[in-house]
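*Asks:* Quick one: the structure is below, questions incoming.
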Amino acid sequence: MCSYNSLNGVPTCADSHLLTSVARHEWAFKGYITADCDAVATIYTSHRNTPTAEDAVADVLKAGLPCNTITPLQGLQNYIRNTLYSPGCEDLACISDNMFAEAVETAKRVDEVVVVVGLDQTQEREEQDRINLTLPGQQEKLLYQVSQAAKRPVVLVILSGGPVDVSFAVNDPHVSSIIWAGYPGEAGGQALAEIIFGDYNPGGRLPLTWYPQDFVKIPMTDMNMRPNHHTGYPGRTYRFYTGKKVFEFGQGLSYSTYSYKFSSTTIKKIVLNVTMEHVKGPGNRRKAFVRVEKTLCKKLKFRSSILVRNHDKIDGRHPVLLYSKSPATHKGTPRKQLIGFRSVHVEGKHTAKVTFVVQPCDHFSTVEENGERILTIGSHSLIVGDAQHPVSLVTKHLKGISYHHYLKG
């Protein structure tokens, strides 16, 4: 990635010596070179290195920055040459519906319909916050009218950097699938077409929770992670959020169906050689814990292997997300937390193995309100998809109460 600054008086994105002579020839770099956000624009606006914006673009292309963008329409036309196109809206804001009729008529004429909606940098960018999580203007109305007119359920493609509340489409029988494409790169249109036509088996997972429109009622100044049941505050992030969701963090579909099984070598019990303490928990029951700072954490780490089965004929590269879940005995315990993720290629009708290193002091611990980490004594869980594996934390060293008394509560 070429950056905003100049090197020896030349903006890096317009420096053919740097991008071509050094990177390509001397270092034999074969990958992509892209510009950092506005680094091309600043050649004209900040560096004043060119007389016009167009000259800045020309300079970076000659320097070796590739630019051969394939739009979603071009990607579809690579498969179906006579693909028809109707813009639907005059612009992204979609204030007027005067172009809806043409889009509806086009939908009636064709066999399959792909509807592309979403946002751009007029809606979200640095120093430009969104005030709604819905689609701009009348985009939702356009989708409804087109999907009602189409012969078969439509494919909905969302172009956006952040989440969009498309709850209306999730269970709509007129929408066959929803693809979030983010803001795709120069080959994004081709990649999208390959997924739609089945030449690529998708395996993406959402990197954030998709909240509903009502989430905007929560003040941005309230950055507490944990929910507050007394005030109705739902919390934030997949670890603590208790409200309704459009889509979960980590959600994603594939053309293959996968199942998971923990290897028999994954341990089921960890003995902590440290004094156990207790705290008053829900219902005034005493809950036992140990302090992480007093624990020999390095000796506790272990490996957990998961067998991933692809039940369909098509090969797929599948992301495996491993979570931990601790007993909800202490205030502020996360609903679950991500230990890590691995991407594994699984051939059709075959099984692959993926291994994680689990650090109990990090992955099974809870942070108290005073910032101290503790490990709850009891049954914790490793979770992948629908598969769960119990791991019990036990200790022989007691403080204040007997272990027998603790078990009785």
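Ligands are numbered from 1 in the order shown, residues from 1 within each chain, and chains are lettered A, B, ... in the order they appear in the structure tokens.
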Need the shell around range 269-272 of chain A: protein/DNA/RNA residues with any atom at most 7 Å away, counting only C-alpha atoms. Skip same-chain ones fewer than 3 positions apart. Format as a list in words?
*Replies:*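 In the requested form, the answer reads Val391, Ser392, Leu393, Val394 and Thr395 of chain A.
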*Asks:* Find the spatial neighbours of Ser177 in chain A, counting only C-alpha atoms, within a cut-off of 12 Å - ignore same-chain residues fewer than 6 positions away - and output them as a list in words.
*Replies:*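 The residues that qualify are Val113, Val114, Val115, Ser147, Arg152, Pro153, Val154, Val155, Leu156, Val157, Ile158, Val166, Ala169, Val170, Asn171, Ile195, Ile196, Gly252, Leu253, Ser254 and Tyr255 of chain A.
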*Asks:* Within 10 Å of range 71-78 of chain A, counting only C-alpha atoms, which residues show up once you throw out same-chain ones fewer than 6 positions away? Write them as a PyMOL selection string, please.
*Replies:* chain A and resi 84-85+114+116+157+184-194+196-197
*Asks:* Arg109 in chain A: which residues within 10 Å, counting only C-alpha atoms, same-chain residues fewer than 2 positions away excluded, as a compact mmCIF listing (two decimals) with C-alpha atoms, in the first residue's frame?
*Replies:*
# COMPACT_ATOMS: atom_id res chain seq x y z
CA LEU A 84 -30.25 -5.99 -18.55
CA VAL A 104 -40.13 -3.12 -12.26
CA GLU A 105 -40.73 -3.68 -15.98
CA THR A 106 -37.17 -4.97 -16.40
CA ALA A 107 -37.71 -7.41 -13.53
CA ASP A 111 -35.49 -14.88 -15.56
CA GLU A 112 -33.38 -13.84 -12.56
CA VAL A 113 -32.95 -10.52 -10.74
CA ALA A 149 -42.58 -8.19 -9.87
CA ALA A 150 -39.75 -10.72 -10.43
CA LYS A 151 -40.55 -14.22 -11.65
*Asks:* Could you jot down the CA of Gly162 in chain A to CA of Asn132 in chain A separation for me, Å, one decimal place?
*Replies:*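 CA of Asn132 in chain A lies 11.2 Å from CA of Gly162 in chain A.
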*Asks:* Show which residues sit within 10 Å of range 16-19 of chain A, as a ChimeraX atom specification. Count only C-alpha atoms, and ignore same-chain residues fewer than 4 positions away.
*Replies:* /A:1-2,7,10-12,23-26,29,33,59-65
*Asks:* Go ahead and save the picked residues with N, CA, C and O atoms, as a compact mmCIF listing (two decimals), in the first residue's frame.
*Replies:*
# COMPACT_ATOMS: atom_id res chain seq x y z
N MET A 1 0.85 -1.19 0.00
CA MET A 1 0.00 0.00 0.00
C MET A 1 0.88 1.24 0.00
O MET A 1 1.76 1.39 0.85
N CYS A 2 0.66 2.11 -0.97
CA CYS A 2 1.38 3.37 -0.97
C CYS A 2 0.67 4.35 -0.04
O CYS A 2 -0.55 4.37 0.08
N LEU A 7 8.22 10.72 -0.65
CA LEU A 7 9.55 10.17 -0.40
C LEU A 7 10.50 10.84 -1.38
O LEU A 7 10.33 10.74 -2.60
N VAL A 10 8.62 13.08 -3.81
CA VAL A 10 7.64 12.49 -4.73
C VAL A 10 6.58 11.76 -3.92
O VAL A 10 6.92 10.89 -3.11
N PRO A 11 5.27 12.07 -4.12
CA PRO A 11 4.22 11.32 -3.43
C PRO A 11 4.37 9.83 -3.72
O PRO A 11 4.56 9.43 -4.88
N THR A 12 4.32 8.99 -2.71
CA THR A 12 4.65 7.58 -2.88
C THR A 12 3.75 6.88 -3.90
O THR A 12 4.20 5.98 -4.60
N ALA A 23 9.84 -2.11 -5.95
CA ALA A 23 8.92 -3.15 -5.48
C ALA A 23 8.81 -4.31 -6.48
O ALA A 23 8.91 -5.49 -6.09
N ARG A 24 8.59 -3.98 -7.74
CA ARG A 24 8.36 -5.04 -8.73
C ARG A 24 9.65 -5.72 -9.20
O ARG A 24 9.73 -6.94 -9.28
N HIS A 25 10.65 -4.90 -9.53
CA HIS A 25 11.85 -5.45 -10.14
C HIS A 25 12.89 -5.90 -9.11
O HIS A 25 13.32 -7.06 -9.12
N GLU A 26 13.29 -5.00 -8.21
CA GLU A 26 14.34 -5.36 -7.25
C GLU A 26 13.84 -6.38 -6.22
O GLU A 26 14.53 -7.33 -5.87
N PHE A 29 8.21 -8.25 -6.16
CA PHE A 29 6.87 -8.30 -5.56
C PHE A 29 5.83 -8.59 -6.63
O PHE A 29 5.75 -7.90 -7.64
N ILE A 33 -0.70 -3.71 -5.40
CA ILE A 33 -0.34 -2.46 -4.73
C ILE A 33 -1.58 -1.57 -4.77
O ILE A 33 -2.13 -1.29 -5.85
N ASP A 59 -0.92 9.99 -13.12
CA ASP A 59 0.42 9.77 -12.57
C ASP A 59 0.52 8.45 -11.81
O ASP A 59 1.51 7.72 -11.94
N VAL A 60 -0.50 8.12 -11.01
CA VAL A 60 -0.42 6.88 -10.22
C VAL A 60 -0.55 5.65 -11.11
O VAL A 60 0.07 4.61 -10.85
N LEU A 61 -1.32 5.76 -12.20
CA LEU A 61 -1.43 4.64 -13.12
C LEU A 61 -0.10 4.40 -13.83
O LEU A 61 0.34 3.25 -13.99
N LYS A 62 0.55 5.47 -14.23
CA LYS A 62 1.86 5.33 -14.89
C LYS A 62 2.93 4.85 -13.92
O LYS A 62 3.89 4.18 -14.33
N ALA A 63 2.75 5.15 -12.63
CA ALA A 63 3.74 4.75 -11.63
C ALA A 63 3.64 3.26 -11.31
O ALA A 63 4.59 2.68 -10.77
N GLY A 64 2.51 2.66 -11.60
CA GLY A 64 2.38 1.23 -11.36
C GLY A 64 1.25 0.83 -10.44
O GLY A 64 1.15 -0.33 -10.02
N LEU A 65 0.36 1.78 -10.11
CA LEU A 65 -0.80 1.46 -9.30
C LEU A 65 -1.91 0.93 -10.21
O LEU A 65 -2.37 1.65 -11.10
*Asks:* Could you list, as a PyMOL selection string, every residue within 6 Å of range 375-382 of chain A, counting only C-alpha atoms and ignoring same-chain residues fewer than 6 positions away?
*Replies:* chain A and resi 288-290+323-326+365+388-394
*Asks:* Per DSSP on the backbone, filter range 80-291 of chain A down to the residues in strand (DSSP E) and report them as an NGL selection string.
*Replies:* :A and (114-118 or 154-159 or 175-182 or 258-262 or 269-272 or 277-280 or 286-291)
*Asks:* Using only N, CA, C and O atoms, please write the residues we just selected to a file, as a short mmCIF file (atom, residue, chain, number, x, y, z; two decimals), in the first residue's frame.
*Replies:*
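And here's part.cif as it stands now:
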data_model
loop_
_atom_site.label_atom_id
_atom_site.label_comp_id
_atom_site.auth_asym_id
_atom_site.auth_seq_id
_atom_site.Cartn_x
_atom_site.Cartn_y
_atom_site.Cartn_z
N VAL A 114 -30.98 -9.53 -9.76
CA VAL A 114 -30.04 -9.17 -8.69
C VAL A 114 -30.27 -7.70 -8.38
O VAL A 114 -30.18 -6.85 -9.26
N VAL A 115 -30.59 -7.40 -7.12
CA VAL A 115 -30.83 -6.03 -6.68
C VAL A 115 -29.65 -5.58 -5.83
O VAL A 115 -29.35 -6.20 -4.80
N VAL A 116 -28.99 -4.52 -6.25
CA VAL A 116 -27.83 -3.98 -5.52
C VAL A 116 -28.26 -2.70 -4.81
O VAL A 116 -28.71 -1.75 -5.44
N VAL A 117 -28.13 -2.69 -3.48
CA VAL A 117 -28.48 -1.53 -2.67
C VAL A 117 -27.31 -1.21 -1.76
O VAL A 117 -26.29 -1.89 -1.79
N GLY A 118 -27.46 -0.16 -0.94
CA GLY A 118 -26.41 0.10 0.04
C GLY A 118 -26.07 1.56 0.23
O GLY A 118 -26.90 2.45 0.02
N VAL A 154 -35.43 -12.81 -5.60
CA VAL A 154 -34.28 -12.03 -6.06
C VAL A 154 -33.07 -12.25 -5.15
O VAL A 154 -33.19 -12.67 -4.00
N VAL A 155 -31.89 -11.96 -5.69
CA VAL A 155 -30.65 -11.93 -4.91
C VAL A 155 -30.42 -10.49 -4.48
O VAL A 155 -30.38 -9.58 -5.31
N LEU A 156 -30.29 -10.28 -3.17
CA LEU A 156 -30.06 -8.94 -2.63
C LEU A 156 -28.58 -8.78 -2.31
O LEU A 156 -28.02 -9.55 -1.52
N VAL A 157 -27.94 -7.77 -2.91
CA VAL A 157 -26.53 -7.47 -2.66
C VAL A 157 -26.45 -6.13 -1.94
O VAL A 157 -27.05 -5.14 -2.39
N ILE A 158 -25.72 -6.09 -0.84
CA ILE A 158 -25.56 -4.87 -0.05
C ILE A 158 -24.12 -4.40 -0.16
O ILE A 158 -23.19 -5.14 0.18
N LEU A 159 -23.93 -3.18 -0.63
CA LEU A 159 -22.62 -2.55 -0.66
C LEU A 159 -22.58 -1.52 0.47
O LEU A 159 -23.30 -0.51 0.42
N VAL A 175 -37.07 -12.80 -1.41
CA VAL A 175 -35.62 -12.58 -1.40
C VAL A 175 -34.96 -13.92 -1.12
O VAL A 175 -35.09 -14.49 -0.04
N SER A 176 -34.23 -14.45 -2.12
CA SER A 176 -33.66 -15.80 -1.98
C SER A 176 -32.37 -15.80 -1.18
O SER A 176 -32.07 -16.77 -0.47
N SER A 177 -31.60 -14.73 -1.27
CA SER A 177 -30.32 -14.68 -0.58
C SER A 177 -29.89 -13.24 -0.37
O SER A 177 -30.32 -12.34 -1.11
N ILE A 178 -29.05 -13.03 0.63
CA ILE A 178 -28.50 -11.70 0.95
C ILE A 178 -26.99 -11.82 0.97
O ILE A 178 -26.43 -12.65 1.70
N ILE A 179 -26.32 -11.00 0.17
CA ILE A 179 -24.86 -11.00 0.11
C ILE A 179 -24.36 -9.63 0.53
O ILE A 179 -24.69 -8.62 -0.10
N TRP A 180 -23.59 -9.58 1.61
CA TRP A 180 -22.93 -8.33 1.99
C TRP A 180 -21.55 -8.32 1.34
O TRP A 180 -20.71 -9.15 1.66
N ALA A 181 -21.34 -7.38 0.43
CA ALA A 181 -20.08 -7.33 -0.32
C ALA A 181 -19.14 -6.26 0.20
O ALA A 181 -18.05 -6.07 -0.36
N GLY A 182 -19.53 -5.55 1.27
CA GLY A 182 -18.69 -4.48 1.77
C GLY A 182 -18.53 -3.41 0.69
O GLY A 182 -19.46 -3.09 -0.04
N TYR A 258 -21.54 -27.76 6.93
CA TYR A 258 -20.41 -28.24 7.72
C TYR A 258 -20.88 -28.66 9.11
O TYR A 258 -21.84 -28.12 9.65
N SER A 259 -20.19 -29.63 9.67
CA SER A 259 -20.42 -30.01 11.06
C SER A 259 -19.08 -30.08 11.77
O SER A 259 -18.02 -30.18 11.14
N TYR A 260 -19.12 -30.03 13.10
CA TYR A 260 -17.89 -29.98 13.90
C TYR A 260 -17.91 -31.05 14.98
O TYR A 260 -18.96 -31.38 15.54
N LYS A 261 -16.72 -31.54 15.30
CA LYS A 261 -16.58 -32.50 16.38
C LYS A 261 -15.23 -32.26 17.06
O LYS A 261 -14.20 -32.18 16.39
N PHE A 262 -15.26 -32.12 18.38
CA PHE A 262 -14.01 -31.93 19.10
C PHE A 262 -13.24 -33.24 19.17
O PHE A 262 -13.80 -34.31 19.40
N LYS A 269 -10.56 -31.47 31.97
CA LYS A 269 -10.43 -30.97 33.33
C LYS A 269 -9.08 -30.31 33.52
O LYS A 269 -8.06 -30.80 33.04
N ILE A 270 -9.07 -29.20 34.24
CA ILE A 270 -7.84 -28.49 34.57
C ILE A 270 -7.80 -28.32 36.08
O ILE A 270 -8.75 -27.77 36.68
N VAL A 271 -6.73 -28.80 36.71
CA VAL A 271 -6.56 -28.64 38.15
C VAL A 271 -5.69 -27.42 38.41
O VAL A 271 -4.55 -27.34 37.93
N LEU A 272 -6.23 -26.47 39.16
CA LEU A 272 -5.53 -25.23 39.46
C LEU A 272 -4.85 -25.37 40.82
O LEU A 272 -5.52 -25.56 41.84
N GLU A 277 -10.99 -18.96 46.38
CA GLU A 277 -11.73 -18.01 47.19
C GLU A 277 -13.20 -18.09 46.80
O GLU A 277 -13.58 -18.86 45.93
N HIS A 278 -14.02 -17.29 47.44
CA HIS A 278 -15.45 -17.33 47.11
C HIS A 278 -16.03 -15.93 47.14
O HIS A 278 -15.48 -15.02 47.76
N VAL A 279 -17.13 -15.79 46.43
CA VAL A 279 -17.83 -14.52 46.35
C VAL A 279 -19.32 -14.82 46.36
O VAL A 279 -19.76 -15.88 45.94
N LYS A 280 -20.09 -13.88 46.87
CA LYS A 280 -21.53 -14.06 46.91
C LYS A 280 -22.10 -13.83 45.52
O LYS A 280 -21.92 -12.78 44.91
N ARG A 286 -22.85 -18.87 47.21
CA ARG A 286 -21.42 -18.58 47.22
C ARG A 286 -20.76 -19.24 46.01
O ARG A 286 -20.89 -20.45 45.80
N LYS A 287 -20.03 -18.46 45.23
CA LYS A 287 -19.39 -18.94 44.02
C LYS A 287 -17.89 -18.88 44.17
O LYS A 287 -17.33 -17.86 44.58
N ALA A 288 -17.24 -19.96 43.81
CA ALA A 288 -15.80 -20.06 44.02
C ALA A 288 -15.03 -19.57 42.80
O ALA A 288 -15.47 -19.71 41.67
N PHE A 289 -13.84 -19.01 43.06
CA PHE A 289 -12.99 -18.51 41.98
C PHE A 289 -11.55 -18.49 42.47
O PHE A 289 -11.26 -18.62 43.66
N VAL A 290 -10.64 -18.32 41.52
CA VAL A 290 -9.24 -18.07 41.84
C VAL A 290 -8.81 -16.82 41.08
O VAL A 290 -9.39 -16.47 40.05
N ARG A 291 -7.82 -16.16 41.61
CA ARG A 291 -7.32 -14.94 40.97
C ARG A 291 -6.26 -15.29 39.93
O ARG A 291 -5.33 -16.06 40.21
#
*Asks:* Taking 2 positions as the minimum chain separation for residues in the same chain, which residues sit within 8 Å of range 338-353 of chain A when counting only C-alpha atoms? Answer as a list in words.
*Replies:*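 So, after excluding close chain neighbours, the residues are Ser305, Ile306, Leu307, Val308, Arg309, Asn310, His311, Asp312, Lys313, Ile314, Asp315, Gly316, Arg317, His318, Pro319, Val320, Leu321, Leu322, Tyr323, Ser324, Lys336, Thr355, Phe356, Val358 and His363 of chain A.
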*Asks:* Could you please write out, as a ChimeraX atom specification, every residue of range 226-299 of chain A that DSSP assigns to alpha helix (DSSP H)?
*Replies:* /A:237-240
*Asks:* Could you tell me how far CA of Val246 in chain A sits from CA of Trp210 in chain A, in Å to one decimal place?
*Replies:*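 Computing it gives 5.3 Å between the two atoms.
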*Asks:* With distances taken over only C-alpha atoms, which of A:Ile43, A:Ala58, A:Leu142, A:Val110 is nearest to Ile80 in chain A?
*Replies:* A:Val110
*Asks:* Using Å and a single decimal, report how far CA of Ile131 in chain A sits from CA of Thr242 in chain A.
*Replies:*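 Separation between CA of Thr242 in chain A and CA of Ile131 in chain A: 21.6 Å.
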